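Shown below: protein.cif, with mmCIF, C-alpha atoms and all ligand atoms.
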data_upload
#
loop_
_atom_site.label_atom_id
_atom_site.label_comp_id
_atom_site.auth_asym_id
_atom_site.auth_seq_id
_atom_site.Cartn_x
_atom_site.Cartn_y
_atom_site.Cartn_z
CA MET A 1 19.99 22.20 -3.40
CA PRO A 2 23.05 22.09 -5.63
CA ASN A 3 24.94 24.83 -3.89
CA LEU A 4 24.75 22.81 -0.66
CA THR A 5 25.47 19.35 -2.06
CA ASN A 6 28.85 18.08 -0.82
CA LYS A 7 29.58 21.41 0.82
CA GLN A 8 31.39 21.28 4.12
CA ILE A 9 29.72 23.45 6.73
CA LEU A 10 31.27 24.02 10.12
CA LEU A 11 28.40 24.83 12.46
CA GLY A 12 29.36 26.52 15.72
CA VAL A 13 26.71 26.40 18.44
CA THR A 14 27.00 28.74 21.42
CA GLY A 15 25.13 29.05 24.71
CA SER A 16 21.67 30.33 23.96
CA ILE A 17 18.21 28.88 24.33
CA ALA A 18 18.05 29.15 20.54
CA SER A 19 20.64 26.34 20.36
CA TYR A 20 17.79 23.82 20.10
CA LYS A 21 16.96 25.39 16.74
CA ALA A 22 20.54 24.77 15.63
CA ALA A 23 19.76 21.03 15.66
CA ASP A 24 17.02 21.67 13.12
CA LEU A 25 19.42 23.77 11.06
CA ALA A 26 22.04 20.97 11.17
CA SER A 27 19.36 18.51 10.07
CA LYS A 28 18.18 20.70 7.21
CA LEU A 29 21.74 21.23 5.99
CA THR A 30 22.43 17.49 6.13
CA GLN A 31 19.23 16.70 4.24
CA ALA A 32 20.23 19.26 1.61
CA GLY A 33 23.40 17.27 0.97
CA ALA A 34 25.95 19.19 3.06
CA LYS A 35 28.49 17.59 5.38
CA VAL A 36 28.05 19.28 8.73
CA ASP A 37 30.75 19.34 11.43
CA VAL A 38 29.50 20.82 14.68
CA ILE A 39 31.43 22.50 17.47
CA LEU A 40 29.56 23.16 20.71
CA THR A 41 30.86 25.61 23.28
CA SER A 42 30.65 24.56 26.92
CA ALA A 43 27.72 26.98 27.42
CA ALA A 44 25.90 25.42 24.45
CA GLN A 45 26.21 22.03 26.13
CA LYS A 46 24.12 23.31 29.02
CA PHE A 47 21.23 23.58 26.54
CA ILE A 48 21.85 20.72 24.13
CA THR A 49 24.14 17.70 23.81
CA PRO A 50 26.68 16.72 21.12
CA LEU A 51 24.68 13.51 20.68
CA THR A 52 21.73 15.50 19.31
CA PHE A 53 23.91 16.90 16.54
CA GLN A 54 25.68 13.60 15.89
CA SER A 55 22.28 11.99 15.49
CA VAL A 56 21.08 14.46 12.86
CA THR A 57 24.35 14.94 10.96
CA GLY A 58 25.89 11.47 11.18
CA CYS A 59 29.19 13.22 11.95
CA LYS A 60 31.07 13.75 15.19
CA ALA A 61 30.11 16.87 17.14
CA TYR A 62 33.16 18.44 18.77
CA THR A 63 33.50 20.08 22.17
CA ASP A 64 36.31 21.73 24.12
CA LYS A 65 37.37 18.27 25.32
CA ASP A 66 38.55 17.65 21.76
CA LEU A 67 40.72 20.76 21.88
CA TRP A 68 42.76 19.08 24.57
CA GLY A 69 42.42 15.56 23.12
CA ASP A 70 44.89 13.52 21.06
CA GLU A 71 44.40 15.40 17.80
CA GLY A 72 43.90 18.71 19.62
CA HIS A 73 47.00 20.43 18.28
CA VAL A 74 45.72 20.22 14.69
CA LEU A 75 41.97 19.80 15.07
CA HIS A 76 41.17 23.51 14.99
CA VAL A 77 43.23 23.94 11.83
CA GLN A 78 41.76 20.87 10.17
CA LEU A 79 38.13 21.77 10.97
CA GLY A 80 38.45 25.32 9.70
CA LYS A 81 40.55 24.49 6.66
CA GLY A 82 38.13 22.01 5.13
CA ALA A 83 35.09 24.25 5.63
CA ASP A 84 33.35 25.99 2.74
CA LEU A 85 31.57 28.12 5.31
CA ILE A 86 31.66 28.61 9.06
CA VAL A 87 28.17 29.24 10.45
CA ILE A 88 27.78 30.25 14.08
CA ALA A 89 24.13 29.86 15.04
CA PRO A 90 23.14 30.86 17.61
CA CYS A 91 25.94 33.35 18.19
CA THR A 92 25.81 34.92 21.64
CA ALA A 93 26.95 38.44 22.54
CA ASN A 94 29.92 36.84 24.33
CA THR A 95 31.02 34.88 21.26
CA MET A 96 30.57 37.97 19.06
CA ALA A 97 32.85 39.86 21.44
CA LYS A 98 35.44 37.10 21.31
CA LEU A 99 35.35 36.95 17.50
CA ALA A 100 35.65 40.73 17.23
CA HIS A 101 38.63 40.91 19.57
CA GLY A 102 40.46 37.76 18.54
CA PHE A 103 40.01 35.83 21.77
CA SER A 104 40.60 32.13 21.29
CA ASP A 105 39.95 30.33 24.53
CA ASP A 106 37.81 27.47 23.26
CA LEU A 107 37.65 25.13 20.25
CA LEU A 108 35.15 27.29 18.35
CA THR A 109 37.00 30.59 18.64
CA VAL A 110 40.40 29.04 18.07
CA THR A 111 39.03 27.37 14.91
CA TYR A 112 37.49 30.68 13.74
CA LEU A 113 40.78 32.47 14.25
CA ALA A 114 42.79 29.85 12.37
CA SER A 115 40.44 29.62 9.39
CA THR A 116 40.23 31.67 6.21
CA ALA A 117 36.75 30.35 5.34
CA ASP A 118 33.79 32.72 4.92
CA VAL A 119 31.85 33.21 8.15
CA LEU A 120 28.13 33.73 8.76
CA ILE A 121 26.78 34.42 12.24
CA ALA A 122 23.17 34.36 13.46
CA PRO A 123 23.13 36.47 16.65
CA ALA A 124 20.79 35.47 19.48
CA MET A 125 20.53 37.39 22.71
CA ASP A 126 18.34 39.64 24.79
CA GLY A 127 17.31 42.89 23.11
CA GLY A 128 19.21 45.03 25.62
CA MET A 129 22.39 43.03 25.03
CA PHE A 130 22.06 43.41 21.28
CA ASP A 131 21.42 47.15 21.49
CA ASN A 132 24.31 47.70 23.89
CA PRO A 133 27.02 49.87 22.28
CA ALA A 134 29.60 47.18 23.09
CA THR A 135 27.69 44.58 21.03
CA GLN A 136 26.92 47.09 18.29
CA GLY A 137 30.62 47.99 18.14
CA ASN A 138 31.56 44.30 17.88
CA LEU A 139 28.94 43.84 15.16
CA SER A 140 30.42 46.72 13.14
CA THR A 141 33.91 45.30 13.55
CA LEU A 142 32.79 41.89 12.33
CA LEU A 143 30.86 43.35 9.39
CA SER A 144 33.85 45.45 8.40
CA ARG A 145 35.94 42.27 8.28
CA GLY A 146 33.50 40.60 5.91
CA VAL A 147 31.66 38.44 8.43
CA MET A 148 28.10 37.93 7.17
CA VAL A 149 25.31 38.48 9.67
CA ALA A 150 21.86 36.89 9.49
CA GLY A 151 19.34 38.63 11.76
CA PRO A 152 18.58 38.91 14.58
CA ALA A 153 14.82 39.22 14.27
CA THR A 154 12.51 41.31 16.38
CA GLY A 155 9.99 39.41 18.47
CA HIS A 156 9.44 37.46 21.66
CA LEU A 157 12.65 36.93 23.64
CA ALA A 158 13.50 34.28 26.25
CA SER A 159 13.48 37.03 28.90
CA GLY A 160 9.75 37.40 28.31
CA LEU A 161 10.38 40.80 26.80
CA SER A 162 10.02 41.64 23.18
CA GLY A 163 12.75 43.25 21.10
CA LYS A 164 15.51 42.72 18.57
CA GLY A 165 17.64 39.72 19.46
CA ARG A 166 15.74 36.59 18.40
CA MET A 167 17.71 34.18 16.27
CA LEU A 168 16.28 33.83 12.78
CA GLU A 169 14.36 30.63 12.09
CA PRO A 170 16.51 27.77 10.68
CA ILE A 171 14.80 28.00 7.28
CA GLU A 172 15.80 31.69 7.02
CA ILE A 173 19.36 30.95 8.16
CA LEU A 174 19.46 28.27 5.46
CA GLY A 175 18.56 30.98 2.94
CA HIS A 176 21.45 33.13 4.20
CA ILE A 177 23.77 30.12 3.96
CA ARG A 178 22.74 29.70 0.31
CA ILE A 179 23.56 33.36 -0.35
CA ALA A 180 26.93 32.96 1.40
CA LEU A 181 27.80 29.83 -0.57
CA GLY A 182 26.68 31.42 -3.84
CA LYS A 183 28.79 34.54 -3.32
CA HIS A 184 31.57 33.32 -5.60
CA GLY A 185 29.21 31.73 -8.16
CA LYS A 186 28.81 32.23 -11.92
CA LEU A 187 26.46 35.20 -11.54
CA LYS A 188 28.38 37.13 -8.90
CA ASN A 189 28.08 40.87 -9.48
CA LYS A 190 25.24 40.25 -11.92
CA LYS A 191 21.70 41.42 -11.49
CA VAL A 192 18.78 39.24 -12.53
CA VAL A 193 15.12 40.24 -12.63
CA VAL A 194 12.57 37.42 -12.51
CA THR A 195 8.82 37.86 -12.92
CA ALA A 196 6.51 35.26 -11.39
CA GLY A 197 2.86 34.34 -10.96
CA GLY A 198 -0.29 35.14 -12.88
CA THR A 199 -1.35 38.74 -13.38
CA GLN A 200 -4.68 39.94 -12.01
CA GLU A 201 -6.92 42.31 -13.97
CA SER A 202 -9.75 43.91 -12.04
CA ILE A 203 -13.31 43.73 -13.31
CA ASP A 204 -14.71 45.60 -10.31
CA PRO A 205 -13.52 46.09 -6.68
CA VAL A 206 -14.26 42.40 -5.96
CA ARG A 207 -13.61 40.39 -9.12
CA ILE A 208 -10.52 39.75 -11.19
CA ILE A 209 -9.45 37.95 -14.34
CA THR A 210 -6.41 35.78 -13.65
CA ASN A 211 -4.91 32.42 -14.61
CA HIS A 212 -3.64 29.17 -13.06
CA SER A 213 0.01 30.18 -12.69
CA SER A 214 1.33 29.27 -9.22
CA GLY A 215 4.59 31.22 -9.46
CA LYS A 216 6.61 28.08 -8.59
CA GLN A 217 8.88 28.18 -11.64
CA GLY A 218 9.63 31.88 -11.17
CA TYR A 219 10.40 31.51 -7.46
CA ALA A 220 12.66 28.53 -8.26
CA LEU A 221 14.48 30.68 -10.83
CA ALA A 222 14.97 33.48 -8.31
CA GLN A 223 16.47 30.98 -5.83
CA ALA A 224 18.66 29.35 -8.49
CA ALA A 225 20.06 32.75 -9.47
CA ILE A 226 20.78 33.60 -5.81
CA ASP A 227 22.51 30.22 -5.44
CA VAL A 228 25.10 31.29 -8.01
CA GLY A 229 25.63 34.76 -6.59
CA ALA A 230 23.16 36.96 -8.49
CA ASP A 231 21.55 40.01 -7.04
CA VAL A 232 17.87 39.13 -7.64
CA THR A 233 14.75 41.21 -7.96
CA LEU A 234 11.57 39.14 -7.95
CA ILE A 235 8.57 40.93 -9.44
CA THR A 236 5.66 38.84 -8.30
CA THR A 237 1.90 38.78 -8.31
CA PRO A 238 0.21 37.50 -5.11
CA THR A 239 1.09 33.81 -4.51
CA THR A 240 1.16 31.46 -1.52
CA LEU A 241 4.93 31.00 -1.89
CA THR A 242 7.69 32.38 0.33
CA PRO A 243 10.22 34.41 -1.66
CA PRO A 244 13.82 33.22 -1.45
CA VAL A 245 15.92 34.88 1.25
CA GLY A 246 17.93 37.67 -0.35
CA ALA A 247 15.55 38.48 -3.21
CA LYS A 248 14.32 42.05 -3.45
CA VAL A 249 10.59 41.57 -3.82
CA VAL A 250 8.37 43.91 -5.83
CA ASN A 251 4.68 43.10 -5.42
CA VAL A 252 2.45 43.74 -8.40
CA LYS A 253 -0.99 42.69 -9.58
CA SER A 254 -1.82 43.79 -13.11
CA VAL A 255 0.05 43.70 -16.43
CA GLN A 256 0.47 47.47 -16.18
CA ASP A 257 1.98 47.19 -12.67
CA MET A 258 4.41 44.56 -13.92
CA LEU A 259 5.38 46.59 -16.97
CA ASP A 260 5.90 49.72 -14.84
CA ALA A 261 8.04 47.74 -12.37
CA LEU A 262 10.18 46.38 -15.20
CA LEU A 263 10.66 49.79 -16.77
CA ASN A 264 11.90 50.96 -13.36
CA GLU A 265 14.60 48.30 -13.26
CA SER A 266 17.66 47.47 -15.28
CA ALA A 267 19.61 44.25 -15.03
CA ASP A 268 21.96 41.85 -16.75
CA ALA A 269 19.10 39.43 -17.32
CA LEU A 270 15.33 39.42 -17.37
CA ILE A 271 13.54 36.09 -17.00
CA MET A 272 9.89 36.57 -17.79
CA THR A 273 8.26 33.56 -16.14
CA ALA A 274 5.02 35.31 -15.24
CA ALA A 275 1.81 34.28 -16.97
CA VAL A 276 0.67 37.66 -18.18
CA ALA A 277 -2.87 38.55 -19.25
CA ASP A 278 -3.34 39.15 -22.97
CA PHE A 279 -6.71 40.83 -22.47
CA ARG A 280 -8.08 42.99 -19.69
CA PRO A 281 -11.40 44.72 -19.00
CA LYS A 282 -11.53 48.00 -20.91
CA HIS A 283 -13.29 49.68 -18.00
CA VAL A 284 -12.99 48.69 -14.35
CA ALA A 285 -16.33 49.20 -12.59
CA LYS A 286 -15.96 51.58 -9.66
CA ASP A 287 -18.57 49.73 -7.61
CA LYS A 288 -19.31 46.04 -7.29
CA ILE A 289 -21.36 44.82 -10.25
CA LYS A 290 -24.69 43.66 -8.83
CA LYS A 291 -26.39 40.42 -9.80
CA ARG A 292 -29.74 42.12 -9.84
CA ASP A 293 -28.58 44.18 -12.85
CA GLY A 294 -28.34 41.04 -15.01
CA ILE A 295 -25.42 39.37 -16.78
CA PRO A 296 -22.76 42.04 -17.33
CA GLN A 297 -21.20 42.60 -20.74
CA ILE A 298 -17.51 43.02 -19.97
CA GLU A 299 -15.67 44.60 -22.85
CA LEU A 300 -12.04 43.52 -23.09
CA GLU A 301 -9.06 45.29 -24.60
CA VAL A 302 -5.62 44.01 -25.51
CA ALA A 303 -3.17 44.29 -22.61
CA PRO A 304 0.37 45.48 -23.31
CA ASP A 305 2.81 42.74 -24.29
CA ILE A 306 5.52 43.29 -21.71
CA LEU A 307 8.34 41.47 -23.49
CA LYS A 308 7.56 43.14 -26.80
CA THR A 309 7.48 46.52 -25.10
CA VAL A 310 10.77 45.92 -23.32
CA SER A 311 12.59 44.66 -26.40
CA SER A 312 10.98 46.97 -28.99
CA ILE A 313 12.12 50.22 -27.39
CA LYS A 314 15.68 50.25 -28.67
CA SER A 315 17.26 51.71 -25.58
CA GLU A 316 15.22 49.33 -23.43
CA LYS A 317 17.10 46.31 -24.72
CA LYS A 318 20.12 47.64 -22.89
CA ARG A 319 18.18 47.56 -19.68
CA TYR A 320 18.33 43.79 -19.89
CA LYS A 321 21.31 42.27 -21.68
CA VAL A 322 19.80 38.78 -21.80
CA VAL A 323 16.03 38.35 -22.09
CA VAL A 324 14.37 34.98 -21.51
CA GLY A 325 10.72 34.17 -22.11
CA PHE A 326 8.45 31.23 -21.41
CA ALA A 327 5.90 29.81 -23.79
CA ALA A 328 2.99 27.98 -22.22
CA GLU A 329 1.40 25.98 -25.03
CA SER A 330 -1.24 23.31 -25.29
CA GLN A 331 -0.62 22.63 -29.00
CA ASP A 332 2.09 23.11 -31.67
CA LEU A 333 4.59 23.71 -28.86
CA LEU A 334 7.78 24.31 -30.81
CA GLU A 335 6.26 26.27 -33.72
CA ASN A 336 4.46 28.64 -31.38
CA ALA A 337 7.46 29.00 -29.07
CA SER A 338 9.74 29.71 -32.02
CA ASP A 339 7.39 32.46 -33.25
CA LYS A 340 7.41 34.04 -29.78
CA LEU A 341 11.20 33.82 -29.56
CA LYS A 342 11.46 35.94 -32.73
CA SER A 343 8.53 38.29 -32.30
CA LYS A 344 9.47 39.15 -28.69
CA GLY A 345 13.19 39.63 -29.45
CA LEU A 346 14.36 37.03 -26.92
CA ASP A 347 17.74 35.40 -26.37
CA PHE A 348 15.99 32.15 -25.58
CA ILE A 349 12.58 30.78 -24.69
CA ALA A 350 11.54 27.89 -22.48
CA ALA A 351 8.70 26.08 -24.25
CA ASN A 352 6.42 24.38 -21.86
CA ASP A 353 3.71 21.85 -22.77
CA ILE A 354 0.87 22.65 -20.38
CA SER A 355 -1.38 19.89 -21.74
CA SER A 356 0.63 17.27 -19.85
CA LYS A 357 -0.31 16.61 -16.21
CA ASP A 358 3.27 16.59 -14.91
CA ALA A 359 4.33 19.90 -16.46
CA GLY A 360 3.20 23.50 -16.47
CA PHE A 361 0.95 25.23 -13.97
CA ALA A 362 0.83 24.41 -10.25
CA VAL A 363 2.75 21.07 -10.31
CA ASP A 364 6.33 20.73 -9.03
CA THR A 365 7.76 19.31 -12.23
CA ASN A 366 8.30 20.66 -15.71
CA ARG A 367 9.24 19.34 -19.13
CA ILE A 368 10.68 22.13 -21.21
CA THR A 369 12.50 22.66 -24.46
CA LEU A 370 14.85 25.60 -24.75
CA LEU A 371 14.94 27.37 -28.10
CA PHE A 372 17.78 29.81 -28.68
CA ALA A 373 18.01 32.87 -30.91
CA ASN A 374 20.90 31.23 -32.82
CA GLY A 375 18.57 28.40 -33.86
CA SER A 376 19.89 25.77 -31.43
CA LYS A 377 17.56 23.73 -29.26
CA GLU A 378 17.84 21.74 -26.04
CA SER A 379 15.09 19.37 -24.89
CA LEU A 380 15.15 18.79 -21.16
CA PRO A 381 13.60 15.62 -19.70
CA LEU A 382 10.91 15.73 -17.01
CA MET A 383 12.54 17.35 -13.99
CA SER A 384 11.67 19.34 -10.90
CA LYS A 385 11.06 23.06 -11.37
CA THR A 386 14.15 23.56 -9.21
CA GLU A 387 16.28 21.57 -11.64
CA ALA A 388 14.71 23.29 -14.64
CA ALA A 389 15.55 26.63 -12.99
CA GLU A 390 19.18 25.60 -12.55
CA LYS A 391 19.45 24.65 -16.24
CA ILE A 392 17.97 27.98 -17.33
CA ILE A 393 20.29 29.91 -15.01
CA GLU A 394 23.30 28.00 -16.43
CA HIS A 395 22.35 29.25 -19.91
CA VAL A 396 21.82 32.80 -18.66
CA ALA A 397 25.30 32.73 -17.07
CA ARG A 398 26.80 31.33 -20.29
CA LEU A 399 25.21 34.09 -22.38
CA LEU A 400 26.47 36.75 -19.99
CA GLU A 401 30.06 35.44 -20.00
N1 LIG B 501 4.16 37.91 -22.05
C1 LIG B 501 4.34 39.27 -21.92
N2 LIG B 501 3.24 40.10 -22.01
C2 LIG B 501 2.03 39.60 -22.27
C3 LIG B 501 1.84 38.22 -22.43
C4 LIG B 501 2.93 37.39 -22.30
O1 LIG B 501 5.46 39.72 -21.71
N3 LIG B 501 1.00 40.41 -22.34
C5 LIG B 501 5.35 37.04 -21.92
C6 LIG B 501 5.20 35.91 -20.93
O2 LIG B 501 5.67 36.29 -19.64
C7 LIG B 501 6.07 34.83 -21.54
C8 LIG B 501 5.99 35.08 -23.02
O3 LIG B 501 5.53 36.43 -23.18
O4 LIG B 501 7.43 34.95 -21.15
C9 LIG B 501 5.01 34.18 -23.75
O5 LIG B 501 3.76 34.20 -23.07
P1 LIG B 501 2.54 33.34 -23.58
O6 LIG B 501 1.36 33.58 -22.71
O7 LIG B 501 3.00 31.93 -23.82
O8 LIG B 501 2.33 33.96 -25.03
P2 LIG B 501 1.49 35.15 -25.56
O9 LIG B 501 2.42 36.11 -26.21
O10 LIG B 501 0.61 35.68 -24.50
O11 LIG B 501 0.65 34.46 -26.73
P3 LIG B 501 -0.59 33.42 -26.60
O12 LIG B 501 -1.23 33.67 -25.27
O13 LIG B 501 -1.46 33.77 -27.75
O14 LIG B 501 0.01 32.06 -26.71
#
Hey, can you dump this file as structure tokens for me?
Ligand code: CTP
Amino acid sequence: MPNLTNKQILLGVTGSIASYKAADLASKLTQAGAKVDVILTSAAQKFITPLTFQSVTGCKAYTDKDLWGDEGHVLHVQLGKGADLIVIAPCTANTMAKLAHGFSDDLLTVTYLASTADVLIAPAMDGGMFDNPATQGNLSTLLSRGVMVAGPATGHLASGLSGKGRMLEPIEILGHIRIALGKHGKLKNKKVVVTAGGTQESIDPVRIITNHSSGKQGYALAQAAIDVGADVTLITTPTTLTPPVGAKVVNVKSVQDMLDALLNESADALIMTAAVADFRPKHVAKDKIKKRDGIPQIELEVAPDILKTVSSIKSEKKRYKVVVGFAAESQDLLENASDKLKSKGLDFIAANDISSKDAGFAVDTNRITLLFANGSKESLPLMSKTEAAEKIIEHVARLLE
């Protein structure tokens, strides 16, 4: 996760039963390459110990004792100053109130007050406490000052009741942290539309024509764009994947759905990763085709070419300033990709050899060659789809500069 590697995260943990999940968050951040300093409030220590955090982060976890210790007079400044992001998860109603009103009676709040770093909080409390006008007022104050807020979710609460107040799961908070860290990235204020997955064309109410696309490369591209600050719309066919936190998701099935969705959008860049049907049944049977009626003759027709449609309508080109395609080929990779680059009016195309076992559909790695409209070419070695996505996003950002 490049936008987390070597990043310094200051994780504040406050007194909520959800604090046990903060240990998982600290572990995930550390595994992603971040350096994680933890501050526990005294209430947090009733639920979880500093040792838990030290064990997962390999760094010291601080408590109020350190505020009054030898380096106490500078510690709060030093911890906040070095941080790329302050994350307070879980953040109780009490801590939210303190942050909103500038109270600074413990190491966490004094550090928050002294720091100019971006701040993300993940509230956790009982539903009644969250809904209380006092908490809602504090929330508005914090939002108006630029504090980012992740959650809370609605669901089962420690009180046994159900309502809005549950801390988001660590994996979702991680997604919000990626958005927060990407905020100042190369694609800030830029909108990127990514299509992903294989289209589905109905034969009858039960059967479809589809392909082996898993959507992995498209989802990785959506995440990579979010990591550098883009506002991302992910137009996706049904997949088993979880969309990146922060992506606006548009669910589609057929080529026509995808084309309609794209003609409804406009963006700085379109990355057309989806494996789109070239042919579709001319007529979709209203009822299930029965076996007893013999082998059906399914007449196909040519499906619209989405990229050609988008780039052939003159005014449509403006909808997407940079257009990127993918070419999935099993033979004559570069010749075919180069033809598609020209015929589809693309800025660049990622040519992808699907005959190799470690590249293309369903696997986690890809080996692609990028062909650009100006005739230049870049061959990328075998790499993860995540890394391939980052490379493609770098080129998109360069073209939009
Ligand atoms: N594409 C599209 N509309 C289609 C088919 C493909 O917009 N009906 C897009 C794909 O999303 C991809 C690029 O065109 O970005 C190339 O897709 P690919 O399947 O490799 O090429 P095709 O044009 O379909 O040609 P062929 O299947 O004959 O290789």
Please tabulate, as a Markdown table, the residues of chain A that come within 9 Å of ligand LIG 501 (chain B), each with its closest pair of atoms and the distance in Å to one decimal, counting all atoms listed in the file and ordering rows by chain, then residue number upward.
| residue | atom | partner | partner_atom | distance |
| --- | --- | --- | --- | --- |
| A:Thr195 | CA | B:LIG501 | O2 | 7.6 |
| A:Ala196 | CA | B:LIG501 | O2 | 8.4 |
| A:Val255 | CA | B:LIG501 | N3 | 6.8 |
| A:Leu259 | CA | B:LIG501 | O1 | 8.3 |
| A:Ile271 | CA | B:LIG501 | O4 | 7.5 |
| A:Met272 | CA | B:LIG501 | O4 | 4.5 |
| A:Thr273 | CA | B:LIG501 | O2 | 5.1 |
| A:Ala274 | CA | B:LIG501 | O2 | 4.6 |
| A:Ala275 | CA | B:LIG501 | O2 | 5.1 |
| A:Val276 | CA | B:LIG501 | C3 | 4.4 |
| A:Ala277 | CA | B:LIG501 | N3 | 5.3 |
| A:Asp278 | CA | B:LIG501 | N3 | 4.6 |
| A:Phe279 | CA | B:LIG501 | N3 | 7.7 |
| A:Val302 | CA | B:LIG501 | N3 | 8.2 |
| A:Ala303 | CA | B:LIG501 | N3 | 5.7 |
| A:Pro304 | CA | B:LIG501 | N3 | 5.2 |
| A:Asp305 | CA | B:LIG501 | N2 | 3.5 |
| A:Ile306 | CA | B:LIG501 | O1 | 3.6 |
| A:Leu307 | CA | B:LIG501 | O1 | 3.8 |
| A:Lys308 | CA | B:LIG501 | O1 | 6.5 |
| A:Thr309 | CA | B:LIG501 | O1 | 7.9 |
| A:Val310 | CA | B:LIG501 | O1 | 8.3 |
| A:Val324 | CA | B:LIG501 | O4 | 6.9 |
| A:Gly325 | CA | B:LIG501 | O4 | 3.5 |
| A:Phe326 | CA | B:LIG501 | O4 | 3.9 |
| A:Ala327 | CA | B:LIG501 | O7 | 3.6 |
| A:Ala328 | CA | B:LIG501 | O7 | 4.3 |
| A:Glu329 | CA | B:LIG501 | O7 | 6.3 |
| A:Ser330 | CA | B:LIG501 | O14 | 9.0 |
| A:Asn336 | CA | B:LIG501 | O14 | 7.3 |
| A:Ala337 | CA | B:LIG501 | O7 | 7.5 |
| A:Lys340 | CA | B:LIG501 | O9 | 6.5 |
| A:Leu341 | CA | B:LIG501 | C8 | 8.5 |
| A:Ser343 | CA | B:LIG501 | O9 | 8.9 |
| A:Lys344 | CA | B:LIG501 | O3 | 7.3 |
| A:Ile349 | CA | B:LIG501 | O4 | 7.5 |
| A:Ala350 | CA | B:LIG501 | O4 | 8.3 |
| A:Ala351 | CA | B:LIG501 | O7 | 8.2 |
| A:Asn352 | CA | B:LIG501 | O7 | 8.5 |
From the list A:Val194, A:Gln136, A:Thr365, A:Phe130, which residue is nearest Lys164 (chain A) when using only C-alpha atoms? A:Phe130
Near region 17-25 of chain A, 9 Å: region 42-65 of chain A residue rows, closest pairs, only C-alpha atoms, as a tab-separated table:
residue	atom	partner	partner_atom	distance
A:Ala44	CA	A:Ser19	CA	6.7
A:Phe47	CA	A:Ile17	CA	6.5
A:Ile48	CA	A:Tyr20	CA	6.5
A:Thr52	CA	A:Ala23	CA	6.9
A:Phe53	CA	A:Ala23	CA	5.9
A:Val56	CA	A:Ala23	CA	7.3
A:Thr57	CA	A:Ala23	CA	9.0
Write the residues you've just listed into a file as an mmCIF file, in the frame of the given file, and include C-alpha atoms for each of them.
data_model
loop_
_atom_site.group_PDB
_atom_site.id
_atom_site.type_symbol
_atom_site.label_atom_id
_atom_site.label_comp_id
_atom_site.auth_asym_id
_atom_site.auth_seq_id
_atom_site.Cartn_x
_atom_site.Cartn_y
_atom_site.Cartn_z
ATOM 1 C CA ALA A 44 25.900 25.420 24.450
ATOM 2 C CA PHE A 47 21.230 23.580 26.540
ATOM 3 C CA ILE A 48 21.850 20.720 24.130
ATOM 4 C CA THR A 52 21.730 15.500 19.310
ATOM 5 C CA PHE A 53 23.910 16.900 16.540
ATOM 6 C CA VAL A 56 21.080 14.460 12.860
ATOM 7 C CA THR A 57 24.350 14.940 10.960
#
When you draw a straight line from CA of Pro244 (chain A) to CA of Glu265 (chain A), how long is it in Å?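 So the two atoms, CA of Pro244 (chain A) and CA of Glu265 (chain A), lie 19.2 Å apart.
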Neighbour list for region 197-212 of chain A as a PyMOL selection string, cut-off 9 Å, all atoms listed in the file, skip fewer than 4 positions in-chain: chain A and resi 216-219+235-239+252-255+258+273-277+279-289+298+361-362
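We find CA of Asn3 (chain A) and CA of Ile368 (chain A) to be spaced 22.6 Å apart.
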Could you pull the residues within 8 Å of Ala269 (chain A), counting all atoms listed in the file, minus those fewer than 4 positions along the same chain, as a ChimeraX atom specification? /A:191-193,320-324,396
N, CA, C and O atoms for region 324-330 of chain A, written as a JSON list (two decimals), in the coordinates of the input, could you do that?
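Contents of result-v6.json, freshly written:
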[["chain", "number", "residue", "atom", "x", "y", "z"],
["A", 324, "VAL", "N", 14.86, 36.35, -21.39],
["A", 324, "VAL", "CA", 14.37, 34.98, -21.51],
["A", 324, "VAL", "C", 12.86, 34.98, -21.34],
["A", 324, "VAL", "O", 12.33, 35.62, -20.42],
["A", 325, "GLY", "N", 12.17, 34.29, -22.24],
["A", 325, "GLY", "CA", 10.72, 34.17, -22.11],
["A", 325, "GLY", "C", 10.30, 32.74, -21.87],
["A", 325, "GLY", "O", 11.11, 31.81, -21.98],
["A", 326, "PHE", "N", 9.05, 32.56, -21.55],
["A", 326, "PHE", "CA", 8.45, 31.23, -21.41],
["A", 326, "PHE", "C", 7.30, 31.15, -22.39],
["A", 326, "PHE", "O", 6.63, 32.16, -22.65],
["A", 327, "ALA", "N", 7.07, 29.97, -22.93],
["A", 327, "ALA", "CA", 5.90, 29.81, -23.79],
["A", 327, "ALA", "C", 5.07, 28.67, -23.22],
["A", 327, "ALA", "O", 5.53, 27.52, -23.18],
["A", 328, "ALA", "N", 3.90, 29.01, -22.74],
["A", 328, "ALA", "CA", 2.99, 27.98, -22.22],
["A", 328, "ALA", "C", 2.06, 27.61, -23.36],
["A", 328, "ALA", "O", 1.28, 28.44, -23.81],
["A", 329, "GLU", "N", 2.18, 26.38, -23.85],
["A", 329, "GLU", "CA", 1.40, 25.98, -25.03],
["A", 329, "GLU", "C", 0.65, 24.69, -24.77],
["A", 329, "GLU", "O", 1.16, 23.80, -24.07],
["A", 330, "SER", "N", -0.53, 24.58, -25.37],
["A", 330, "SER", "CA", -1.24, 23.31, -25.29],
["A", 330, "SER", "C", -1.24, 22.60, -26.64],
["A", 330, "SER", "O", -1.71, 21.48, -26.76]]
